[in-house]
Amino acid sequence: MVYFQKWMMTLGSAGLLFCLGAFCDKDGLNTAAAADQLALTSAVMCEDVQERQPVNEGVVFSIGIGRICCYTLFDVVPDKTYITHNWYNRDNLSTKIKLPLHAPRWTTYSAIQLRESDKGPWRVEITDSEGRILQVLRFSVTE
Amino acid sequence: MNGFLIFLQSIRWQDIVDITLNSYILFRCYVIFRITNAFRILIGLAFLWIFQRIAVAIGLIVTSWVIQGITAVAALIIIVVFRNEIRSVLQVKNIKMLFWGFPQQPFHTPIQIIAESVMDLSRKRIGALIVFPGREDITEKIQNGILWDGAISKEMITSIFWEDNPVHDGAVIVEGDRIREVGVILPLSHRHELPSHYGTRHRAAMGLAESTDSLVVVVSEERGTIQVVKGATITPIFKKDDLERQLEQHLGLMVKDQTIRKKERREICIAAVVSVILITSIWLSITRGLDSLVTFEIPIEYMNRNPGMEIMDASVSSIKIQLGGSGPLMRTVRPDHVRVKIDLGKSVVGQNIYTITHENISLPPGIVIKSFEPSVVDVSLDVLDKKDMPVQVDWTGKLPENLRMEKVKIDPNTVQIIGGRQILKNITTAYTEKIPLESIQTSRTIIVNLALSPASLKVAPGFKDKITVDCTVRAIPKNGQ
């Protein structure tokens with residue numbers, strides 16, 4: 001079992017993006033099962049990501065927490081690729097965050113800084129490198 | 001000149017009928033009432049009304065009130081005082097007379113026979129009292145009459161006034177070619193300046209003549225003199241011809257000379273022309289007057305829309321129109337009498353800009369448009385389409401501090417929405433109405449409606465518009481994890 005970990009931090013273009021990180025979670029069990037198809041194992045909204053685990057998962061977040069994260073775990077990453085987290089406030093695209101994935105297993109997340117005007121229903125569309133929607137996470141930002 | 005042509009073009013056939021009909025009614029009123037005393041008073045009233053309008057126009061407030069009061073009272077007095085005259089005019093035996101022709105005696109009175117009889121009675125010193133009613137009804141002035149209804153003849157007249165006849169002291173009423181009543185008691189005159197030799201018969205003749213438009217022939221029993229009494233005038237008769245002329249004149253049978261006929265014809269023509277002018281003036285003042293303004297907010301009606309398209313948005317839903325017209329006409333106008341129509345026959349999907357013109361606005365006759373706004377309407381049309389959309393809850397407020405919402409299950413989680421294609425293109429989610437978080441204390445189920453925006457969007461038939469939201473909340477441990 002070999003574990004490889006890598007941290008990445010990138011600032012978002014409009015200042016909304018607070019941080020994004022990626023974990024490469026090289027799991028020997030999954031290596032054998034590595035297929036030719038990208039597999040999203042887990043995707044949740046949470047208040048934070050610590051130790052490669054989502055903290056305080058939920059569907060309603062208070063604006064008072066300051067930031068919000070979209071955590072994704074890919075159990076099968078056949079080859080080096082990237083995914084995109086598209087953040088929508090109502091139906092308006094707020095930001096697109098491109099995240100690299102590395103074989104064979106990878107954990108990554110994106111986060112945005114919350115502002116007063118961000119209250120309302122949100123969704124994050126997780127798309128692969130070809131724009132196919134892998135999953136949509138829906139949540140609300142409230143007082 | 002151009003304005004006059006526009007005015008002529010604006011006249012409808014209904015306007016012509018309107019003016020013609022009312023002119024004729026006015027003309028007929030003149031023809032029917034022209035020889036009555038009431039007509040002269042009516043003319044006076046008309047002048048009073050004109051003065052009152054002038055007083056109002058130039059701002060003489062008190063004067064206009066006074067004249068208005070006088071006019072109202074005078075109208076009432078006319079009806080009371082001239083009720084018999086008005087009734088006699090309206091109680092025509094031939095209803096056709098009200099609408100056509102000119103009033104005239106239906107039967108010719110045998111004047112020569114009457115004149116000869118009167119001259120004969122005079123020669124024989126037989127007293128007589130013969131009444132020839134005019135246009136006024138005299139039934140309320142006379143009394144105790146005995147119905148006779150006999151044809152007039154010299155012998156009959158002589159026998160009625162023969163001394164031994166029980167009814168010889170009374171008067172006879174001659175109507176047409178018949179003696180209607182005999183032994184009639186007439187009202188006596190109260191005049192004091194009458195000659196002393198005038199007896200009761202003369203006073204009776206004068207009493208009726210003064211109070212009606214009747215003509216009364218009196219033959220004195222003592223002197224054998226003949227007098228014709230009409231109004232307050234007593235005319236002595238010496239020759240048969242004089243009596244015939246008097247009777248002919250009273251009964252309208254006098255052979256009129258050419259000059260009188262021409263004069264009468266001219267009067268009728270003038271009356272006809274004046275009627276037309278007067279009614280036209282009134283019509284113009286009512287339908288073309290612009291002394292009153294009113295503003296209406298009229299909703300726009302869209303016509304000839306392609307059935308496959310829907311109006312998605314319009315810059316305005318109504319037009320504010322200021323209308324002008326005469327006061328009486330404007331008081332009858334309601335907003336539903338005015339319509340604003342836009343023809344969507346040539347509209348296309350997307351934005352369509354229409355300029356509102358006078359042709360888009362239909363008005364009742366006699367009303368004109370002073371102004372309207374806005375003059376441009378932007379209408380967005382779209383083709384109806386359907387789209388499946390996920391449903392998302394729109395939470396609002398603040399969840400209690402000790403709770404965290406972990407999961408939300410929505411049923412149905414997808415609905416089909418019908419709406420304009422362009423609108424649907426930009427919408428990907430159907431949101432619920434806002435659900436206040438303060439009401440969430442434990443995990444629970446909430447049923448809410450969808451809040452579709454814009455309002456033109458609808459849930460497709462067969463899909464539920466009530467959304468069931470199952471929310472799962474969990475108490476947060478004190479360390480916040």
# chains A, B, ... in the order shown; residues from 1 in each chain; ligands from 1
$ interface_residues --of "chain A" --to "chain B" --cutoff "7 Å" --atoms "only C-alpha atoms" --output "CSV table (one decimal) with all heavy atoms, in the first residue's frame"
chain,number,residue,atom,x,y,z
A,56,ASN,N,-18.8,18.2,8.5
A,56,ASN,CA,-20.2,18.8,8.6
A,56,ASN,C,-20.9,18.8,7.3
A,56,ASN,O,-21.2,19.9,6.7
A,56,ASN,CB,-20.1,20.2,9.2
A,56,ASN,CG,-19.7,20.2,10.7
A,56,ASN,OD1,-19.8,19.2,11.3
A,56,ASN,ND2,-19.2,21.4,11.1
A,57,GLU,N,-21.2,17.6,6.8
A,57,GLU,CA,-21.9,17.5,5.5
A,57,GLU,C,-23.3,18.1,5.8
A,57,GLU,O,-23.9,18.0,6.9
A,57,GLU,CB,-22.0,16.1,5.1
A,57,GLU,CG,-20.7,15.4,4.8
A,57,GLU,CD,-20.8,13.9,4.6
A,57,GLU,OE1,-21.9,13.5,4.1
A,57,GLU,OE2,-19.9,13.2,4.9
A,58,GLY,N,-23.9,18.5,4.7
A,58,GLY,CA,-25.3,19.1,4.9
A,58,GLY,C,-25.9,19.5,3.5
A,58,GLY,O,-25.2,19.4,2.5
A,59,VAL,N,-27.1,20.0,3.6
A,59,VAL,CA,-27.7,20.6,2.4
A,59,VAL,C,-28.2,22.0,2.7
A,59,VAL,O,-28.6,22.7,1.7
A,59,VAL,CB,-29.0,19.7,2.0
A,59,VAL,CG1,-28.5,18.4,1.4
A,59,VAL,CG2,-29.9,19.5,3.1
A,60,VAL,N,-28.0,22.5,3.9
A,60,VAL,CA,-28.3,23.9,4.2
A,60,VAL,C,-27.2,24.4,5.0
A,60,VAL,O,-26.8,23.8,6.0
A,60,VAL,CB,-29.7,24.0,5.0
A,60,VAL,CG1,-29.9,25.5,5.4
A,60,VAL,CG2,-30.8,23.6,4.2
A,91,ASP,N,-29.9,29.8,-11.2
A,91,ASP,CA,-29.5,29.2,-12.5
A,91,ASP,C,-28.3,29.9,-13.1
A,91,ASP,O,-28.0,29.8,-14.3
A,91,ASP,CB,-30.7,29.2,-13.5
A,91,ASP,CG,-31.6,28.0,-13.2
A,91,ASP,OD1,-31.1,27.0,-12.7
A,91,ASP,OD2,-32.8,28.1,-13.4
A,120,GLY,N,-29.5,31.8,-0.9
A,120,GLY,CA,-30.4,31.2,-1.9
A,120,GLY,C,-30.0,29.8,-2.3
A,120,GLY,O,-29.1,29.2,-1.7
A,121,PRO,N,-30.8,29.2,-3.2
A,121,PRO,CA,-30.5,27.9,-3.6
A,121,PRO,C,-29.2,27.8,-4.6
A,121,PRO,O,-29.1,28.7,-5.4
A,121,PRO,CB,-31.8,27.5,-4.4
A,121,PRO,CG,-32.4,28.7,-4.8
A,121,PRO,CD,-32.0,29.8,-3.9
A,140,SER,N,-28.6,24.9,-0.1
A,140,SER,CA,-29.0,26.3,0.1
A,140,SER,C,-28.1,27.0,1.0
A,140,SER,O,-27.5,26.4,2.0
A,140,SER,CB,-30.4,26.3,0.7
A,140,SER,OG,-31.4,26.0,-0.3
A,142,THR,N,-28.2,30.0,3.6
A,142,THR,CA,-29.2,30.9,4.3
A,142,THR,C,-28.6,31.8,5.3
A,142,THR,O,-27.3,31.8,5.4
A,142,THR,CB,-30.3,29.9,5.0
A,142,THR,OG1,-29.6,29.2,6.0
A,142,THR,CG2,-30.9,29.0,4.0
A,143,GLU,N,-29.4,32.4,6.1
A,143,GLU,CA,-28.8,33.4,7.1
A,143,GLU,C,-28.0,32.7,8.1
A,143,GLU,O,-28.2,31.5,8.5
A,143,GLU,CB,-30.0,34.1,7.8
A,143,GLU,CG,-30.7,35.0,7.0
A,143,GLU,CD,-31.9,35.6,7.7
A,143,GLU,OE1,-32.0,35.6,8.9
A,143,GLU,OE2,-32.9,36.1,6.9
$ residues_around --residues "stretch 261-274 of chain B" --least-positions-apart "4" --cutoff "9 Å" --atoms "only C-alpha atoms" --output "list of chain:residue names"
B:Ser23, B:Tyr24, B:Leu26, B:Phe27, B:Arg28, B:Tyr30, B:Val31, B:Lys256, B:Asp257, B:Leu278, B:Ile279
$ atom_distance --atom1 "atom CA of A:Leu99" --atom2 "atom CA of A:Gln113"
17.4 Å
$ closest_residue --among "A:Arg52, A:Arg138, A:Lys80, A:Arg132" --to "A:Pro104" --atoms "only C-alpha atoms"
A:Lys80
$ residues_around --residues "A:Ser94" --least-positions-apart "2" --cutoff "10 Å" --atoms "only C-alpha atoms" --output "PyMOL selection string"
chain A and resi 14+16-17+86-92+96+112+118+122-124
$ select_by_dssp --residues "stretch 28-138 of chain A" --states "strand (DSSP E)" --output "PyMOL selection string"
chain A and resi 39-50+53-57+60-62+67-76+81-89+92-101+106-113+120-127+133-138
$ residues_around --residues "stretch 64-67 of chain A" --least-positions-apart "2" --cutoff "8 Å" --atoms "only C-alpha atoms" --output "PDB file with all heavy atoms, in the first residue's frame"
ATOM      1  N   PHE A  18     -12.359  30.331  -2.875  1.00  0.00           N
ATOM      2  CA  PHE A  18     -11.498  30.509  -1.705  1.00  0.00           C
ATOM      3  C   PHE A  18     -10.276  29.595  -1.801  1.00  0.00           C
ATOM      4  O   PHE A  18      -9.154  30.025  -1.718  1.00  0.00           O
ATOM      5  CB  PHE A  18     -12.306  30.202  -0.450  1.00  0.00           C
ATOM      6  CG  PHE A  18     -11.490  30.252   0.808  1.00  0.00           C
ATOM      7  CD1 PHE A  18     -11.035  31.455   1.302  1.00  0.00           C
ATOM      8  CD2 PHE A  18     -11.182  29.076   1.493  1.00  0.00           C
ATOM      9  CE1 PHE A  18     -10.290  31.504   2.461  1.00  0.00           C
ATOM     10  CE2 PHE A  18     -10.434  29.140   2.644  1.00  0.00           C
ATOM     11  CZ  PHE A  18      -9.990  30.346   3.133  1.00  0.00           C
ATOM     12  N   GLU A  47     -18.808  21.787   5.240  1.00  0.00           N
ATOM     13  CA  GLU A  47     -18.276  23.071   5.709  1.00  0.00           C
ATOM     14  C   GLU A  47     -16.763  23.138   5.557  1.00  0.00           C
ATOM     15  O   GLU A  47     -16.190  24.215   5.401  1.00  0.00           O
ATOM     16  CB  GLU A  47     -18.669  23.281   7.171  1.00  0.00           C
ATOM     17  CG  GLU A  47     -20.157  23.522   7.343  1.00  0.00           C
ATOM     18  CD  GLU A  47     -20.543  23.766   8.798  1.00  0.00           C
ATOM     19  OE1 GLU A  47     -19.639  23.826   9.666  1.00  0.00           O
ATOM     20  OE2 GLU A  47     -21.744  23.899   9.065  1.00  0.00           O
ATOM     21  N   ASP A  48     -16.139  21.981   5.610  1.00  0.00           N
ATOM     22  CA  ASP A  48     -14.678  21.972   5.530  1.00  0.00           C
ATOM     23  C   ASP A  48     -14.213  20.573   5.118  1.00  0.00           C
ATOM     24  O   ASP A  48     -14.997  19.616   5.127  1.00  0.00           O
ATOM     25  CB  ASP A  48     -14.093  22.366   6.899  1.00  0.00           C
ATOM     26  CG  ASP A  48     -12.648  22.820   6.781  1.00  0.00           C
ATOM     27  OD1 ASP A  48     -12.137  22.891   5.637  1.00  0.00           O
ATOM     28  OD2 ASP A  48     -12.052  23.100   7.834  1.00  0.00           O
ATOM     29  N   PHE A  61     -26.621  25.548   4.524  1.00  0.00           N
ATOM     30  CA  PHE A  61     -25.452  26.127   5.193  1.00  0.00           C
ATOM     31  C   PHE A  61     -25.720  27.592   5.526  1.00  0.00           C
ATOM     32  O   PHE A  61     -26.287  28.330   4.704  1.00  0.00           O
ATOM     33  CB  PHE A  61     -24.215  26.030   4.286  1.00  0.00           C
ATOM     34  CG  PHE A  61     -23.859  24.608   3.940  1.00  0.00           C
ATOM     35  CD1 PHE A  61     -24.319  24.028   2.768  1.00  0.00           C
ATOM     36  CD2 PHE A  61     -23.079  23.849   4.801  1.00  0.00           C
ATOM     37  CE1 PHE A  61     -24.004  22.715   2.453  1.00  0.00           C
ATOM     38  CE2 PHE A  61     -22.754  22.538   4.490  1.00  0.00           C
ATOM     39  CZ  PHE A  61     -23.223  21.965   3.314  1.00  0.00           C
ATOM     40  N   SER A  62     -25.313  27.927   6.744  1.00  0.00           N
ATOM     41  CA  SER A  62     -25.462  29.319   7.144  1.00  0.00           C
ATOM     42  C   SER A  62     -24.349  30.158   6.514  1.00  0.00           C
ATOM     43  O   SER A  62     -23.193  29.700   6.405  1.00  0.00           O
ATOM     44  CB  SER A  62     -25.391  29.433   8.671  1.00  0.00           C
ATOM     45  OG  SER A  62     -25.293  30.786   9.030  1.00  0.00           O
ATOM     46  N   CYS A  69     -17.632  23.928   0.920  1.00  0.00           N
ATOM     47  CA  CYS A  69     -16.796  23.069   0.081  1.00  0.00           C
ATOM     48  C   CYS A  69     -17.638  22.026  -0.650  1.00  0.00           C
ATOM     49  O   CYS A  69     -18.662  21.561  -0.127  1.00  0.00           O
ATOM     50  CB  CYS A  69     -15.793  22.312   0.949  1.00  0.00           C
ATOM     51  SG  CYS A  69     -14.758  23.384   1.939  1.00  0.00           S
ATOM     52  N   ALA A 111     -13.849  25.047  -3.078  1.00  0.00           N
ATOM     53  CA  ALA A 111     -14.553  25.819  -2.036  1.00  0.00           C
ATOM     54  C   ALA A 111     -14.761  27.248  -2.512  1.00  0.00           C
ATOM     55  O   ALA A 111     -14.002  27.760  -3.333  1.00  0.00           O
ATOM     56  CB  ALA A 111     -13.736  25.813  -0.757  1.00  0.00           C
ATOM     57  N   ILE A 112     -15.808  27.833  -2.007  1.00  0.00           N
ATOM     58  CA  ILE A 112     -16.034  29.257  -2.328  1.00  0.00           C
ATOM     59  C   ILE A 112     -16.218  30.025  -1.025  1.00  0.00           C
ATOM     60  O   ILE A 112     -16.695  29.488  -0.028  1.00  0.00           O
ATOM     61  CB  ILE A 112     -17.245  29.479  -3.252  1.00  0.00           C
ATOM     62  CG1 ILE A 112     -18.535  28.964  -2.608  1.00  0.00           C
ATOM     63  CG2 ILE A 112     -17.030  28.884  -4.617  1.00  0.00           C
ATOM     64  CD1 ILE A 112     -19.791  29.488  -3.282  1.00  0.00           C
ATOM     65  N   GLN A 113     -15.834  31.265  -1.099  1.00  0.00           N
ATOM     66  CA  GLN A 113     -16.041  32.167   0.038  1.00  0.00           C
ATOM     67  C   GLN A 113     -17.471  32.703  -0.059  1.00  0.00           C
ATOM     68  O   GLN A 113     -17.906  33.141  -1.129  1.00  0.00           O
ATOM     69  CB  GLN A 113     -15.049  33.333  -0.076  1.00  0.00           C
ATOM     70  CG  GLN A 113     -15.049  34.268   1.112  1.00  0.00           C
ATOM     71  CD  GLN A 113     -14.410  33.639   2.344  1.00  0.00           C
ATOM     72  OE1 GLN A 113     -13.368  33.001   2.239  1.00  0.00           O
ATOM     73  NE2 GLN A 113     -15.048  33.785   3.481  1.00  0.00           N
ATOM     74  N   LEU A 114     -18.203  32.657   1.038  1.00  0.00           N
ATOM     75  CA  LEU A 114     -19.607  33.110   0.998  1.00  0.00           C
ATOM     76  C   LEU A 114     -19.719  34.601   1.294  1.00  0.00           C
ATOM     77  O   LEU A 114     -19.025  35.128   2.155  1.00  0.00           O
ATOM     78  CB  LEU A 114     -20.432  32.319   2.016  1.00  0.00           C
ATOM     79  CG  LEU A 114     -20.567  30.820   1.722  1.00  0.00           C
ATOM     80  CD1 LEU A 114     -21.327  30.143   2.850  1.00  0.00           C
ATOM     81  CD2 LEU A 114     -21.272  30.594   0.388  1.00  0.00           C
ATOM     82  N   ARG A 115     -20.588  35.219   0.537  1.00  0.00           N
ATOM     83  CA  ARG A 115     -20.883  36.640   0.766  1.00  0.00           C
ATOM     84  C   ARG A 115     -22.377  36.788   1.039  1.00  0.00           C
ATOM     85  O   ARG A 115     -23.158  35.873   0.775  1.00  0.00           O
ATOM     86  CB  ARG A 115     -20.495  37.463  -0.467  1.00  0.00           C
ATOM     87  CG  ARG A 115     -19.010  37.406  -0.755  1.00  0.00           C
ATOM     88  CD  ARG A 115     -18.670  38.176  -2.001  1.00  0.00           C
ATOM     89  NE  ARG A 115     -19.381  37.671  -3.175  1.00  0.00           N
ATOM     90  CZ  ARG A 115     -19.083  38.030  -4.400  1.00  0.00           C
ATOM     91  NH1 ARG A 115     -18.104  38.900  -4.621  1.00  0.00           N
ATOM     92  NH2 ARG A 115     -19.752  37.536  -5.406  1.00  0.00           N
ATOM     93  N   GLU A 143     -29.378  32.418   6.112  1.00  0.00           N
ATOM     94  CA  GLU A 143     -28.846  33.383   7.095  1.00  0.00           C
ATOM     95  C   GLU A 143     -27.951  32.688   8.121  1.00  0.00           C
ATOM     96  O   GLU A 143     -28.173  31.545   8.453  1.00  0.00           O
ATOM     97  CB  GLU A 143     -30.004  34.059   7.838  1.00  0.00           C
ATOM     98  CG  GLU A 143     -30.733  35.045   6.958  1.00  0.00           C
ATOM     99  CD  GLU A 143     -31.949  35.633   7.665  1.00  0.00           C
ATOM    100  OE1 GLU A 143     -31.985  35.628   8.903  1.00  0.00           O
ATOM    101  OE2 GLU A 143     -32.862  36.064   6.948  1.00  0.00           O
TER     102      GLU A 143
END
$ select_by_dssp --residues "stretch 309-432 of chain B" --states "helix (DSSP H, G or I)" --output "ChimeraX atom specification"
/B:327-330,335-337,358-360,421-425
$ residues_around --residues "stretch 464-467 of chain B" --least-positions-apart "6" --cutoff "6 Å" --atoms "only C-alpha atoms" --output "ChimeraX atom specification"
/B:411,447-449
$ write_last_selection --atoms "N, CA and C atoms" --output "PDB file, in the first residue's frame"
ATOM      1  N   ASP B 411     -40.195  14.838  -3.430  1.00  0.00           N
ATOM      2  CA  ASP B 411     -41.076  14.014  -4.266  1.00  0.00           C
ATOM      3  C   ASP B 411     -42.172  14.900  -4.882  1.00  0.00           C
ATOM      4  N   ILE B 447     -45.168  20.082   2.703  1.00  0.00           N
ATOM      5  CA  ILE B 447     -45.713  20.108   1.334  1.00  0.00           C
ATOM      6  C   ILE B 447     -45.767  21.573   0.872  1.00  0.00           C
ATOM      7  N   VAL B 448     -45.138  21.831  -0.252  1.00  0.00           N
ATOM      8  CA  VAL B 448     -45.069  23.214  -0.760  1.00  0.00           C
ATOM      9  C   VAL B 448     -45.415  23.242  -2.243  1.00  0.00           C
ATOM     10  N   ASN B 449     -45.699  24.452  -2.720  1.00  0.00           N
ATOM     11  CA  ASN B 449     -45.950  24.662  -4.146  1.00  0.00           C
ATOM     12  C   ASN B 449     -44.647  25.031  -4.844  1.00  0.00           C
TER      13      ASN B 449
END
$ atom_distance --atom1 "atom CA of B:Val338" --atom2 "atom CA of B:Glu301"
11.0 Å
$ closest_residue --among "A:Ser129, A:Ser117, A:Gln37, A:Ser110" --to "A:Val49" --atoms "only C-alpha atoms"
A:Ser110
$ atom_distance --atom1 "atom CA of B:Ser275" --atom2 "atom CA of B:Ala74"
22.6 Å
$ decode --residues "stretch 105-136 of chain B" --atoms "N, CA and C atoms" --output "PDB file, in the first residue's frame"
ATOM      1  N   GLN B 105    -109.745  71.083 -40.365  1.00  0.00           N
ATOM      2  CA  GLN B 105    -111.031  70.569 -39.935  1.00  0.00           C
ATOM      3  C   GLN B 105    -111.361  69.322 -40.746  1.00  0.00           C
ATOM      4  N   PRO B 106    -111.729  68.254 -40.073  1.00  0.00           N
ATOM      5  CA  PRO B 106    -112.027  67.031 -40.811  1.00  0.00           C
ATOM      6  C   PRO B 106    -113.332  67.122 -41.624  1.00  0.00           C
ATOM      7  N   PHE B 107    -114.242  67.893 -41.106  1.00  0.00           N
ATOM      8  CA  PHE B 107    -115.518  68.034 -41.841  1.00  0.00           C
ATOM      9  C   PHE B 107    -115.773  69.508 -42.098  1.00  0.00           C
ATOM     10  N   HIS B 108    -116.307  69.802 -43.247  1.00  0.00           N
ATOM     11  CA  HIS B 108    -116.611  71.192 -43.573  1.00  0.00           C
ATOM     12  C   HIS B 108    -117.961  71.582 -42.992  1.00  0.00           C
ATOM     13  N   THR B 109    -117.903  72.639 -42.261  1.00  0.00           N
ATOM     14  CA  THR B 109    -119.152  73.135 -41.672  1.00  0.00           C
ATOM     15  C   THR B 109    -119.952  73.849 -42.761  1.00  0.00           C
ATOM     16  N   PRO B 110    -121.246  73.561 -42.830  1.00  0.00           N
ATOM     17  CA  PRO B 110    -122.084  74.245 -43.854  1.00  0.00           C
ATOM     18  C   PRO B 110    -122.319  75.702 -43.459  1.00  0.00           C
ATOM     19  N   ILE B 111    -121.344  76.526 -43.760  1.00  0.00           N
ATOM     20  CA  ILE B 111    -121.352  77.919 -43.305  1.00  0.00           C
ATOM     21  C   ILE B 111    -122.533  78.698 -43.881  1.00  0.00           C
ATOM     22  N   GLN B 112    -122.798  78.437 -45.150  1.00  0.00           N
ATOM     23  CA  GLN B 112    -123.886  79.189 -45.789  1.00  0.00           C
ATOM     24  C   GLN B 112    -125.227  78.920 -45.105  1.00  0.00           C
ATOM     25  N   ILE B 113    -125.462  77.650 -44.769  1.00  0.00           N
ATOM     26  CA  ILE B 113    -126.733  77.285 -44.106  1.00  0.00           C
ATOM     27  C   ILE B 113    -126.815  77.981 -42.760  1.00  0.00           C
ATOM     28  N   ILE B 114    -125.658  77.947 -42.039  1.00  0.00           N
ATOM     29  CA  ILE B 114    -125.646  78.578 -40.708  1.00  0.00           C
ATOM     30  C   ILE B 114    -125.887  80.086 -40.840  1.00  0.00           C
ATOM     31  N   ALA B 115    -125.185  80.716 -41.810  1.00  0.00           N
ATOM     32  CA  ALA B 115    -125.310  82.165 -41.987  1.00  0.00           C
ATOM     33  C   ALA B 115    -126.751  82.541 -42.350  1.00  0.00           C
ATOM     34  N   GLU B 116    -127.344  81.781 -43.220  1.00  0.00           N
ATOM     35  CA  GLU B 116    -128.731  82.050 -43.610  1.00  0.00           C
ATOM     36  C   GLU B 116    -129.659  81.885 -42.419  1.00  0.00           C
ATOM     37  N   SER B 117    -129.408  80.810 -41.618  1.00  0.00           N
ATOM     38  CA  SER B 117    -130.241  80.548 -40.441  1.00  0.00           C
ATOM     39  C   SER B 117    -130.142  81.697 -39.445  1.00  0.00           C
ATOM     40  N   VAL B 118    -128.897  82.176 -39.236  1.00  0.00           N
ATOM     41  CA  VAL B 118    -128.683  83.264 -38.269  1.00  0.00           C
ATOM     42  C   VAL B 118    -129.397  84.536 -38.740  1.00  0.00           C
ATOM     43  N   MET B 119    -129.282  84.830 -40.054  1.00  0.00           N
ATOM     44  CA  MET B 119    -129.928  86.031 -40.594  1.00  0.00           C
ATOM     45  C   MET B 119    -131.445  85.913 -40.442  1.00  0.00           C
ATOM     46  N   ASP B 120    -131.926  84.690 -40.624  1.00  0.00           N
ATOM     47  CA  ASP B 120    -133.363  84.444 -40.507  1.00  0.00           C
ATOM     48  C   ASP B 120    -133.829  84.627 -39.068  1.00  0.00           C
ATOM     49  N   LEU B 121    -133.020  84.086 -38.119  1.00  0.00           N
ATOM     50  CA  LEU B 121    -133.346  84.238 -36.694  1.00  0.00           C
ATOM     51  C   LEU B 121    -133.353  85.712 -36.300  1.00  0.00           C
ATOM     52  N   SER B 122    -132.388  86.446 -36.892  1.00  0.00           N
ATOM     53  CA  SER B 122    -132.288  87.873 -36.601  1.00  0.00           C
ATOM     54  C   SER B 122    -133.543  88.600 -37.076  1.00  0.00           C
ATOM     55  N   ARG B 123    -133.944  88.258 -38.271  1.00  0.00           N
ATOM     56  CA  ARG B 123    -135.139  88.925 -38.825  1.00  0.00           C
ATOM     57  C   ARG B 123    -136.366  88.622 -37.970  1.00  0.00           C
ATOM     58  N   LYS B 124    -136.433  87.370 -37.482  1.00  0.00           N
ATOM     59  CA  LYS B 124    -137.603  86.953 -36.695  1.00  0.00           C
ATOM     60  C   LYS B 124    -137.464  87.296 -35.211  1.00  0.00           C
ATOM     61  N   ARG B 125    -136.332  87.945 -34.877  1.00  0.00           N
ATOM     62  CA  ARG B 125    -136.055  88.330 -33.470  1.00  0.00           C
ATOM     63  C   ARG B 125    -136.122  87.107 -32.539  1.00  0.00           C
ATOM     64  N   ILE B 126    -135.508  86.078 -32.973  1.00  0.00           N
ATOM     65  CA  ILE B 126    -135.387  84.876 -32.136  1.00  0.00           C
ATOM     66  C   ILE B 126    -133.937  84.851 -31.610  1.00  0.00           C
ATOM     67  N   GLY B 127    -133.860  84.869 -30.330  1.00  0.00           N
ATOM     68  CA  GLY B 127    -132.520  84.866 -29.713  1.00  0.00           C
ATOM     69  C   GLY B 127    -131.780  83.548 -29.969  1.00  0.00           C
ATOM     70  N   ALA B 128    -130.463  83.651 -30.197  1.00  0.00           N
ATOM     71  CA  ALA B 128    -129.671  82.436 -30.478  1.00  0.00           C
ATOM     72  C   ALA B 128    -128.238  82.591 -29.978  1.00  0.00           C
ATOM     73  N   LEU B 129    -127.661  81.455 -29.656  1.00  0.00           N
ATOM     74  CA  LEU B 129    -126.272  81.427 -29.158  1.00  0.00           C
ATOM     75  C   LEU B 129    -125.607  80.190 -29.786  1.00  0.00           C
ATOM     76  N   ILE B 130    -124.723  80.419 -30.753  1.00  0.00           N
ATOM     77  CA  ILE B 130    -124.107  79.294 -31.476  1.00  0.00           C
ATOM     78  C   ILE B 130    -122.593  79.339 -31.256  1.00  0.00           C
ATOM     79  N   VAL B 131    -122.075  78.227 -30.783  1.00  0.00           N
ATOM     80  CA  VAL B 131    -120.652  78.154 -30.446  1.00  0.00           C
ATOM     81  C   VAL B 131    -119.918  77.318 -31.505  1.00  0.00           C
ATOM     82  N   PHE B 132    -118.819  77.883 -32.000  1.00  0.00           N
ATOM     83  CA  PHE B 132    -117.946  77.170 -32.936  1.00  0.00           C
ATOM     84  C   PHE B 132    -116.584  76.976 -32.239  1.00  0.00           C
ATOM     85  N   PRO B 133    -116.345  75.805 -31.630  1.00  0.00           N
ATOM     86  CA  PRO B 133    -115.087  75.622 -30.897  1.00  0.00           C
ATOM     87  C   PRO B 133    -113.877  75.742 -31.828  1.00  0.00           C
ATOM     88  N   GLY B 134    -112.810  76.225 -31.253  1.00  0.00           N
ATOM     89  CA  GLY B 134    -111.547  76.312 -32.014  1.00  0.00           C
ATOM     90  C   GLY B 134    -110.732  75.049 -31.783  1.00  0.00           C
ATOM     91  N   ARG B 135    -109.438  75.213 -31.489  1.00  0.00           N
ATOM     92  CA  ARG B 135    -108.583  74.035 -31.249  1.00  0.00           C
ATOM     93  C   ARG B 135    -108.612  73.595 -29.791  1.00  0.00           C
ATOM     94  N   GLU B 136    -109.018  74.534 -28.932  1.00  0.00           N
ATOM     95  CA  GLU B 136    -109.011  74.192 -27.506  1.00  0.00           C
ATOM     96  C   GLU B 136    -110.232  73.369 -27.133  1.00  0.00           C
TER      97      GLU B 136
END
